[in-house]
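K.L.:
Next comes final16.cif, mmCIF, C-alpha atoms:
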data_run
loop_
_atom_site.group_PDB
_atom_site.id
_atom_site.type_symbol
_atom_site.label_atom_id
_atom_site.label_comp_id
_atom_site.auth_asym_id
_atom_site.auth_seq_id
_atom_site.Cartn_x
_atom_site.Cartn_y
_atom_site.Cartn_z
ATOM 1 C CA MET P 23 -21.387 -3.104 -30.234
ATOM 2 C CA THR P 24 -17.749 -2.042 -30.255
ATOM 3 C CA LEU P 25 -15.392 -0.627 -27.656
ATOM 4 C CA PHE P 26 -15.254 2.784 -29.342
ATOM 5 C CA GLU P 27 -18.977 3.460 -29.460
ATOM 6 C CA PRO P 28 -19.997 6.586 -27.467
ATOM 7 C CA HIS P 29 -21.447 4.686 -24.487
ATOM 8 C CA ASN P 30 -18.174 2.770 -24.119
ATOM 9 C CA LEU P 31 -15.788 5.721 -24.377
ATOM 10 C CA PRO P 32 -14.828 5.765 -20.651
ATOM 11 C CA PHE P 33 -13.756 2.136 -20.939
ATOM 12 C CA ALA P 34 -11.903 2.741 -24.200
ATOM 13 C CA ALA P 35 -10.034 5.609 -22.539
ATOM 14 C CA SER P 36 -9.146 3.372 -19.589
ATOM 15 C CA LEU P 37 -7.809 0.658 -21.885
ATOM 16 C CA ILE P 38 -5.761 3.160 -23.908
ATOM 17 C CA ALA P 39 -4.249 4.539 -20.678
ATOM 18 C CA LEU P 40 -3.385 0.997 -19.625
ATOM 19 C CA PHE P 41 -1.623 0.338 -22.937
ATOM 20 C CA MET P 42 0.311 3.601 -22.589
ATOM 21 C CA ILE P 43 1.551 2.610 -19.120
ATOM 22 C CA ALA P 44 2.623 -0.795 -20.445
ATOM 23 C CA LEU P 45 4.381 0.786 -23.433
ATOM 24 C CA LEU P 46 6.265 3.261 -21.237
ATOM 25 C CA GLN P 47 7.413 0.413 -19.003
ATOM 26 C CA ILE P 48 8.582 -1.639 -21.993
ATOM 27 C CA LEU P 49 10.450 1.344 -23.466
ATOM 28 C CA GLY P 50 12.025 2.082 -20.089
ATOM 29 C CA ALA P 51 10.732 5.630 -19.759
ATOM 30 C CA GLY P 52 12.778 6.473 -16.698
ATOM 31 C CA ASP P 53 11.224 9.828 -15.845
ATOM 32 C CA PHE P 54 7.738 8.389 -15.919
ATOM 33 C CA LEU P 55 8.624 5.383 -13.811
ATOM 34 C CA GLU P 56 10.514 7.483 -11.274
ATOM 35 C CA GLY P 57 7.411 9.630 -10.886
ATOM 36 C CA ALA P 58 5.315 6.514 -10.385
ATOM 37 C CA ASP P 59 7.725 5.325 -7.695
ATOM 38 C CA ASP P 60 7.335 8.645 -5.896
ATOM 39 C CA ILE P 61 3.564 8.236 -5.980
ATOM 40 C CA GLU P 62 3.907 4.718 -4.639
ATOM 41 C CA ILE P 63 6.072 5.848 -1.726
ATOM 42 C CA GLU P 64 3.666 8.647 -0.816
ATOM 43 C CA VAL P 65 0.626 6.378 -1.038
ATOM 44 C CA ASP P 66 2.240 3.637 1.026
ATOM 45 C CA ALA P 67 3.337 6.125 3.672
ATOM 46 C CA ASP P 68 -0.119 7.702 3.891
ATOM 47 C CA LEU P 69 -1.709 4.270 4.161
ATOM 48 C CA ALA P 70 0.650 3.218 6.910
ATOM 49 C CA ASP P 71 -0.261 6.283 8.970
ATOM 50 C CA GLY P 72 -3.946 5.774 8.243
ATOM 51 C CA LEU P 73 -3.886 2.129 9.253
ATOM 52 C CA GLU P 74 -2.495 3.048 12.646
ATOM 53 C CA ALA P 75 -5.060 5.793 13.125
ATOM 54 C CA SER P 76 -8.249 3.861 12.391
ATOM 55 C CA GLY P 77 -9.509 0.309 12.022
ATOM 56 C CA PHE P 78 -11.899 1.615 9.364
ATOM 57 C CA PHE P 79 -9.006 2.388 7.018
ATOM 58 C CA ASP P 80 -7.526 -1.017 7.818
ATOM 59 C CA GLY P 81 -10.681 -2.742 6.608
ATOM 60 C CA LEU P 82 -11.119 -0.424 3.626
ATOM 61 C CA SER P 83 -7.561 -0.896 2.363
ATOM 62 C CA SER P 84 -7.947 -4.663 2.756
ATOM 63 C CA VAL P 85 -11.118 -4.654 0.633
ATOM 64 C CA LEU P 86 -9.536 -2.469 -2.045
ATOM 65 C CA GLY P 87 -6.229 -4.366 -2.048
ATOM 66 C CA LEU P 88 -4.182 -1.229 -1.399
ATOM 67 C CA GLY P 89 -0.688 -1.937 -0.125
ATOM 68 C CA ARG P 90 -0.691 -5.543 -1.326
ATOM 69 C CA VAL P 91 1.167 -4.756 -4.561
ATOM 70 C CA PRO P 92 3.067 -1.701 -5.856
ATOM 71 C CA PHE P 93 0.701 1.181 -6.599
ATOM 72 C CA LEU P 94 1.367 1.202 -10.359
ATOM 73 C CA ILE P 95 0.431 -2.485 -10.605
ATOM 74 C CA TRP P 96 -2.681 -1.887 -8.484
ATOM 75 C CA LEU P 97 -3.727 1.009 -10.734
ATOM 76 C CA SER P 98 -3.108 -0.975 -13.940
ATOM 77 C CA SER P 99 -5.165 -3.864 -12.596
ATOM 78 C CA LEU P 100 -7.974 -1.476 -11.632
ATOM 79 C CA MET P 101 -8.095 0.021 -15.132
ATOM 80 C CA PHE P 102 -8.259 -3.438 -16.705
ATOM 81 C CA VAL P 103 -11.018 -4.609 -14.356
ATOM 82 C CA PHE P 104 -12.929 -1.346 -14.905
ATOM 83 C CA THR P 105 -12.764 -1.806 -18.686
ATOM 84 C CA VAL P 106 -13.883 -5.434 -18.634
ATOM 85 C CA ILE P 107 -16.769 -4.780 -16.235
ATOM 86 C CA GLY P 108 -17.884 -1.722 -18.178
ATOM 87 C CA VAL P 109 -17.901 -3.272 -21.648
ATOM 88 C CA ALA P 110 -19.416 -6.559 -20.438
ATOM 89 C CA GLY P 111 -22.004 -4.698 -18.388
ATOM 90 C CA GLN P 112 -23.088 -2.569 -21.349
ATOM 91 C CA ALA P 113 -23.441 -5.683 -23.483
ATOM 92 C CA VAL P 114 -25.657 -7.293 -20.831
ATOM 93 C CA ILE P 115 -27.781 -4.145 -20.516
ATOM 94 C CA VAL P 116 -28.269 -4.031 -24.297
ATOM 95 C CA SER P 117 -29.370 -7.669 -24.336
ATOM 96 C CA ILE P 118 -31.904 -6.996 -21.561
ATOM 97 C CA ILE P 119 -33.431 -3.611 -22.387
ATOM 98 C CA GLY P 120 -32.266 -3.116 -25.965
ATOM 99 C CA SER P 121 -30.104 -0.031 -25.394
ATOM 100 C CA PRO P 122 -26.970 0.749 -23.353
ATOM 101 C CA LEU P 123 -26.666 3.057 -20.369
ATOM 102 C CA SER P 124 -25.218 6.509 -20.834
ATOM 103 C CA ALA P 125 -21.430 6.638 -20.727
ATOM 104 C CA GLY P 126 -21.381 8.614 -17.464
ATOM 105 C CA LEU P 127 -23.767 6.332 -15.556
ATOM 106 C CA ALA P 128 -22.066 3.202 -16.875
ATOM 107 C CA ALA P 129 -18.651 4.558 -15.788
ATOM 108 C CA VAL P 130 -19.902 5.290 -12.246
ATOM 109 C CA LEU P 131 -21.492 1.849 -11.852
ATOM 110 C CA ALA P 132 -18.452 0.088 -13.320
ATOM 111 C CA GLY P 133 -16.116 2.075 -11.062
ATOM 112 C CA VAL P 134 -18.061 1.147 -7.924
ATOM 113 C CA ALA P 135 -18.009 -2.529 -8.920
ATOM 114 C CA ALA P 136 -14.375 -2.501 -10.056
ATOM 115 C CA LEU P 137 -12.880 -1.338 -6.740
ATOM 116 C CA PRO P 138 -13.775 -4.396 -4.586
ATOM 117 C CA ILE P 139 -13.336 -6.804 -7.508
ATOM 118 C CA ASN P 140 -9.868 -5.395 -8.131
ATOM 119 C CA GLY P 141 -9.135 -5.949 -4.439
ATOM 120 C CA LEU P 142 -9.704 -9.651 -5.056
ATOM 121 C CA ALA P 143 -7.809 -9.596 -8.357
ATOM 122 C CA VAL P 144 -4.557 -8.281 -6.858
ATOM 123 C CA ARG P 145 -4.377 -11.056 -4.248
ATOM 124 C CA PRO P 146 -3.008 -13.700 -6.653
ATOM 125 C CA ILE P 147 -0.713 -11.030 -8.140
ATOM 126 C CA GLU P 148 0.675 -10.375 -4.656
ATOM 127 C CA LYS P 149 1.547 -14.065 -4.272
ATOM 128 C CA ILE P 150 3.646 -14.231 -7.442
ATOM 129 C CA LEU P 151 5.518 -10.953 -6.922
ATOM 130 C CA PRO P 152 8.924 -11.148 -5.216
ATOM 131 C CA LYS P 153 8.746 -10.166 -1.569
ATOM 132 C CA ASP P 154 10.573 -7.032 -0.546
ATOM 133 C CA GLU P 155 11.189 -6.341 3.124
ATOM 134 C CA THR P 156 12.065 -2.733 2.437
ATOM 135 C CA THR P 157 8.597 -1.597 1.322
ATOM 136 C CA ALA P 158 8.668 2.179 1.265
ATOM 137 C CA VAL P 159 6.975 3.751 4.285
ATOM 138 C CA SER P 160 7.743 6.988 6.042
ATOM 139 C CA LEU P 161 10.173 6.669 8.944
ATOM 140 C CA GLN P 162 7.730 8.633 11.068
ATOM 141 C CA SER P 163 5.148 5.865 10.625
ATOM 142 C CA LEU P 164 7.397 3.556 12.659
ATOM 143 C CA VAL P 165 7.051 5.766 15.740
ATOM 144 C CA ARG P 166 4.611 4.325 18.313
ATOM 145 C CA ARG P 167 5.347 0.791 17.140
ATOM 146 C CA ASP P 168 7.013 -2.022 19.075
ATOM 147 C CA ALA P 169 10.621 -2.908 18.345
ATOM 148 C CA VAL P 170 12.855 -5.713 19.569
ATOM 149 C CA ILE P 171 16.504 -5.008 20.340
ATOM 150 C CA GLN P 172 18.455 -7.387 18.102
ATOM 151 C CA THR P 173 22.122 -6.761 18.786
ATOM 152 C CA GLY P 174 23.945 -5.181 21.716
ATOM 153 C CA THR P 175 22.721 -2.868 24.448
ATOM 154 C CA ALA P 176 21.243 0.527 23.650
ATOM 155 C CA ARG P 177 22.605 3.414 25.714
ATOM 156 C CA ALA P 178 22.574 7.202 25.388
ATOM 157 C CA SER P 179 24.655 8.148 22.316
ATOM 158 C CA SER P 180 25.250 4.438 21.678
ATOM 159 C CA PRO P 181 22.286 3.019 19.715
ATOM 160 C CA ALA P 182 21.610 -0.665 19.190
ATOM 161 C CA ARG P 183 20.088 -2.385 16.184
ATOM 162 C CA ALA P 184 16.378 -3.187 16.548
ATOM 163 C CA LYS P 185 13.703 -4.836 14.448
ATOM 164 C CA VAL P 186 10.308 -3.150 13.959
ATOM 165 C CA LYS P 187 7.366 -4.115 11.747
ATOM 166 C CA ASP P 188 5.461 -1.496 9.764
ATOM 167 C CA ALA P 189 1.698 -1.297 9.269
ATOM 168 C CA PHE P 190 1.908 -3.926 6.503
ATOM 169 C CA GLY P 191 3.805 -6.400 8.686
ATOM 170 C CA HIS P 192 7.101 -5.889 6.860
ATOM 171 C CA PRO P 193 10.198 -5.811 9.084
ATOM 172 C CA HIS P 194 12.621 -2.885 9.179
ATOM 173 C CA PHE P 195 15.906 -2.588 11.043
ATOM 174 C CA VAL P 196 16.575 0.693 12.802
ATOM 175 C CA MET P 197 19.005 2.106 15.351
ATOM 176 C CA VAL P 198 17.506 2.759 18.783
ATOM 177 C CA GLU P 199 18.647 4.683 21.856
ATOM 178 C CA PRO P 200 16.810 4.827 25.194
ATOM 179 C CA HIS P 201 14.476 7.802 25.611
ATOM 180 C CA ASP P 202 15.726 8.103 29.184
ATOM 181 C CA PRO P 203 19.469 8.933 28.977
ATOM 182 C CA GLN P 204 20.062 6.966 32.212
ATOM 183 C CA ALA P 205 18.362 3.797 30.958
ATOM 184 C CA GLU P 206 19.704 0.811 29.036
ATOM 185 C CA LEU P 207 17.788 -1.348 26.582
ATOM 186 C CA ILE P 208 19.223 -4.846 26.434
ATOM 187 C CA GLU P 209 19.283 -7.405 23.625
ATOM 188 C CA GLY P 210 15.971 -9.258 23.241
ATOM 189 C CA GLU P 211 13.984 -6.555 25.027
ATOM 190 C CA THR P 212 10.777 -5.193 23.481
ATOM 191 C CA VAL P 213 10.546 -1.413 23.479
ATOM 192 C CA LEU P 214 8.060 1.199 22.312
ATOM 193 C CA LEU P 215 9.472 3.706 19.822
ATOM 194 C CA VAL P 216 8.341 7.120 21.083
ATOM 195 C CA ARG P 217 10.245 9.543 18.850
ATOM 196 C CA ARG P 218 13.024 9.858 16.309
ATOM 197 C CA GLU P 219 15.757 12.269 15.384
ATOM 198 C CA GLY P 220 16.975 11.753 11.836
ATOM 199 C CA GLU P 221 17.753 8.069 11.403
ATOM 200 C CA THR P 222 17.850 7.322 15.151
ATOM 201 C CA PHE P 223 14.794 6.240 17.132
ATOM 202 C CA PHE P 224 14.291 6.538 20.877
ATOM 203 C CA GLY P 225 12.462 3.868 22.819
ATOM 204 C CA VAL P 226 11.101 3.067 26.272
ATOM 205 C CA ARG P 227 10.511 -0.308 27.873
ATOM 206 C CA TYR P 228 7.144 -1.534 26.740
ATOM 207 C CA GLU P 229 5.199 -2.634 29.802
ATOM 208 C CA SER P 230 2.439 -4.578 28.067
ATOM 209 C CA PRO P 231 0.364 -7.231 29.905
ATOM 210 C CA LEU P 232 0.719 -9.402 26.793
ATOM 211 C CA LEU P 233 4.477 -9.547 27.377
ATOM 212 C CA GLN P 234 4.192 -10.757 30.975
ATOM 213 C CA PRO P 235 5.124 -14.412 31.668
#
Kindly return the structure encoded in the file as structure tokens.
P.N.:
Amino acid sequence: MTLFEPHNLPFAASLIALFMIALLQILGAGDFLEGADDIEIEVDADLADGLEASGFFDGLSSVLGLGRVPFLIWLSSLMFVFTVIGVAGQAVIVSIIGSPLSAGLAAVLAGVAALPINGLAVRPIEKILPKDETTAVSLQSLVRRDAVIQTGTARASSPARAKVKDAFGHPHFVMVEPHDPQAELIEGETVLLVRREGETFFGVRYESPLLQP
């Protein structure tokens, strides 16, 4: 049984697509890679918003491994896992019942199995990739998150530098003004970011019981 037999065609197509992605990366196909970066930014931003909205998406993205590595790497890993599971699974089926599953059914079963397995596969990849604190998320996704004033005192029309963590736990540094024009936000104070205008965020004192002495 070979990879290019009819019942293995979905897996052959996946492997060919994987080789094409690798070749384009090696050749430095700028337009292609820039498009992939755009996809990655959009996916990361959508995930960040989704994680804040529901614990279900938090658990689902953790199982699938989304957000742990750049999207293009995640997709390449998924295609490889899908191919291996599909071809190996067909070989096992042939040894048991004497004939393979149809290409469509085998692709569906392999796809269902590949998603959680790929989630496990990207974990070691995440550990060896260089860490980047500027993971692309939408600025809007930082609204409704806690920030700590790092330097100076924030006043109306005089923002101070603050540190805020996104949905993936990566820190970002933003400029913050008080939402109340009469208020001041002092260095070391934790605030809740309630809105933004352009690159400037506006915060209020975060009265959380967890922050009480």
K.L.:
Check which residues satisfy the PyMOL selection byres ((chain P and resi 183-198) around 6) in the file shown, then give them as a list in words.
P.N.:
Ala70, Glu155, Ala169, Val170, Ile171, Gln172, Thr173, Pro181, Ala182, Glu199, Thr222, Phe223 and Phe224 of chain P
K.L.:
Adding 6 Å on each side of the box along x, y and z that holds all listed atoms of region 123-142 of chain P, could you give its centre and edge lengths in Å to one decimal, as JSON?
P.N.:
{"center_x": -17.9, "center_y": -0.5, "center_z": -12.6, "size_x": 29.5, "size_y": 30.3, "size_z": 28.4}
K.L.:
Just how far from CA of Ala129 (chain P) is CA of Pro32 (chain P), in Å to one decimal?
P.N.:
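A separation of 6.3 Å between them.
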K.L.:
Looking at all atoms listed in the file, which of P:Leu131, P:Leu40, P:Val226, P:Leu45 is the one that sits closest to Met101 (chain P)?
P.N.:
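So, comparing all the options, the nearest one is P:Leu40.
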K.L.:
Please write the residues picked by the PyMOL selection byres ((chain P and resi 116-128) around 9) on this file as JSON, numbers by chain.
P.N.:
{"P": [28, 29, 30, 31, 32, 33, 108, 111, 112, 113, 114, 115, 129, 130, 131, 132, 133]}
K.L.:
Report as a list in words all protein, DNA and RNA residues lying within 9 Å of Leu142 (chain P), evaluated on all atoms listed in the file, omitting residues in the same chain fewer than 2 positions from it.
P.N.:
Val85, Leu86, Gly87, Pro138, Ile139, Asn140, Val144, Arg145 and Pro146 of chain P
K.L.:
Work out how far apart CA of Ile43 (chain P) and CA of Ser160 (chain P) are and give it in Å to one decimal.
P.N.:
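Going from CA of Ile43 (chain P) over to CA of Ser160 (chain P) covers 26.3 Å.
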